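Below: one structure, written as structure tokens.
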Amino acid sequence: MKLDLRPLLAGERLLAFDYELLLDIDPEDTSSFLYGVSFPSPMKVKGDITNTAGYMRMQLDLSVDYTAQCARCLSPISGTFSLDLEKTVAPRNLLGDLDEDKLDDYAIIEDGFLDMDEQLRAQIEMEFPARFLCREDCKGLCQRCGKNLNEGECDCLKKEIDPRLLPLQKLLDEMKK
């Protein structure tokens with residue numbers, strides 16, 4: 001969505017917005033920071049831009065439902081990601097000499113319009129968690145057979161003893177006798 005900020009640039013004090021943004025991010029794209037995450041519904045964006053004597057400040061709240069996999073046991077997870085965001089809004093010509101790193105602090109007006117979609121997609125990629133857990137104490141998968149250890153113990157690791165520890169096992173067996 002492109003917001004028309006010409007009324008604010010002409011002296012108006014407030015511009016409120018409320019819209020939905022479809023996140024068409026491919027969950028199978030391994031080069032994306034959002035690999036393995038899908039968004040079943042559009043992102044909800046609500047906020048305003050306030051003009052105070054030429055200084056414009058944007059405040060917005062966004063939320064989006066997501067589905068992903070637990071990083072340890074691969075169980076499906078769903079939830080809602082929310083983010084509150086504040087940025088200074090400024091025309092491109094006023095920011096010409098700033099470093100690229102500092103430009104991230106600004107929402108940049110191009111020809112009187114502010115392109116919200118690209119900035120919000122970039123913000124989601126920066127702020128979204130890199131991995132999820134189904135629960136804090138997730139035990140993950142068995143390294144040998146792949147059984148979900150949250151559902152119970154597996155027997156494959158109990159049967160095999162690390163060959164380096166066999167002398168200790170023999171000693172323990174002798175001590176038990």
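We name chains A, B, ... following the order of the structure tokens; residues begin at 1 in each chain, and ligands are numbered from 1 as shown.
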
So which residues of stretch 6-58 of chain A fall under helix (DSSP H, G or I) by DSSP, listed as a PyMOL selection string? chain A and resi 6-9

When you look at stretch 23-35 of chain A with a cut-off of 7 Å (counting only C-alpha atoms), what residues show up, excluding the ones that are within fewer than 5 positions of it in the same chain? I need them as a PyMOL selection string. chain A and resi 42-43+125

Leaving out stretch 55-62 of chain A and any residue of its chain fewer than 2 positions from it, which residues lie within 7 Å of it when counting only C-alpha atoms, given as a compact mmCIF listing (two decimals) with N, CA and C atoms, in the first residue's frame?
# COMPACT_ATOMS: atom_id res chain seq x y z
N MET A 43 -1.34 -10.05 6.92
CA MET A 43 -0.85 -9.31 8.06
C MET A 43 -1.76 -8.09 8.27
N LYS A 44 -2.12 -7.84 9.52
CA LYS A 44 -2.96 -6.70 9.86
C LYS A 44 -2.06 -5.54 10.31
N VAL A 45 -2.24 -4.40 9.69
CA VAL A 45 -1.41 -3.23 9.96
C VAL A 45 -2.33 -2.07 10.35
N LYS A 46 -2.02 -1.46 11.49
CA LYS A 46 -2.82 -0.33 11.96
C LYS A 46 -1.88 0.69 12.59
N GLY A 47 -2.07 1.95 12.24
CA GLY A 47 -1.21 2.96 12.82
C GLY A 47 -1.56 4.35 12.37
N ASP A 48 -0.65 5.27 12.64
CA ASP A 48 -0.85 6.65 12.22
C ASP A 48 0.50 7.34 12.05
N ILE A 49 0.44 8.44 11.30
CA ILE A 49 1.60 9.30 11.11
C ILE A 49 1.20 10.68 11.61
N THR A 50 2.00 11.20 12.53
CA THR A 50 1.72 12.50 13.12
C THR A 50 2.75 13.51 12.64
N ASN A 51 2.26 14.67 12.22
CA ASN A 51 3.12 15.76 11.77
C ASN A 51 3.13 16.82 12.86
N THR A 52 4.26 17.04 13.48
CA THR A 52 4.40 18.07 14.51
C THR A 52 5.44 19.07 14.02
N ALA A 53 4.98 20.15 13.45
CA ALA A 53 5.85 21.22 12.97
C ALA A 53 6.93 20.71 12.01
N VAL A 64 0.44 -10.93 12.56
CA VAL A 64 0.24 -11.90 11.49
C VAL A 64 0.26 -13.31 12.10
N SER A 82 3.43 -10.45 16.69
CA SER A 82 3.03 -9.04 16.78
C SER A 82 4.26 -8.17 16.92
N LEU A 83 4.16 -6.96 16.41
CA LEU A 83 5.28 -6.04 16.45
C LEU A 83 4.75 -4.61 16.52
N ASP A 84 5.31 -3.83 17.42
CA ASP A 84 5.05 -2.40 17.50
C ASP A 84 6.25 -1.70 16.89
N LEU A 85 6.00 -0.74 16.04
CA LEU A 85 7.08 -0.12 15.30
C LEU A 85 6.91 1.40 15.32
N GLU A 86 8.01 2.10 15.52
CA GLU A 86 8.04 3.56 15.45
C GLU A 86 9.19 3.97 14.56
N LYS A 87 8.91 4.88 13.63
CA LYS A 87 9.96 5.39 12.75
C LYS A 87 9.70 6.86 12.46
N THR A 88 10.77 7.56 12.19
CA THR A 88 10.67 8.93 11.72
C THR A 88 10.41 8.88 10.22
N VAL A 89 9.50 9.71 9.75
CA VAL A 89 9.15 9.76 8.33
C VAL A 89 9.81 11.01 7.74
N ALA A 90 10.53 10.83 6.62
CA ALA A 90 11.21 11.97 6.02
C ALA A 90 11.32 11.78 4.51

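In this comparison, which uses only C-alpha atoms, the residue of A:Phe113, A:Phe39, A:Asn93, A:Glu20 approaching A:Asp4 most closely is A:Phe113.
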
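Each of A:Asp173, A:Asp117, A:Glu136, A:Glu153 was compared to A:Ala71 using only C-alpha atoms, and A:Glu136 turns out to be the nearest.
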
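Atom pair atom CA of A:Thr67 / atom CA of A:Glu151: separated by 21.2 Å.
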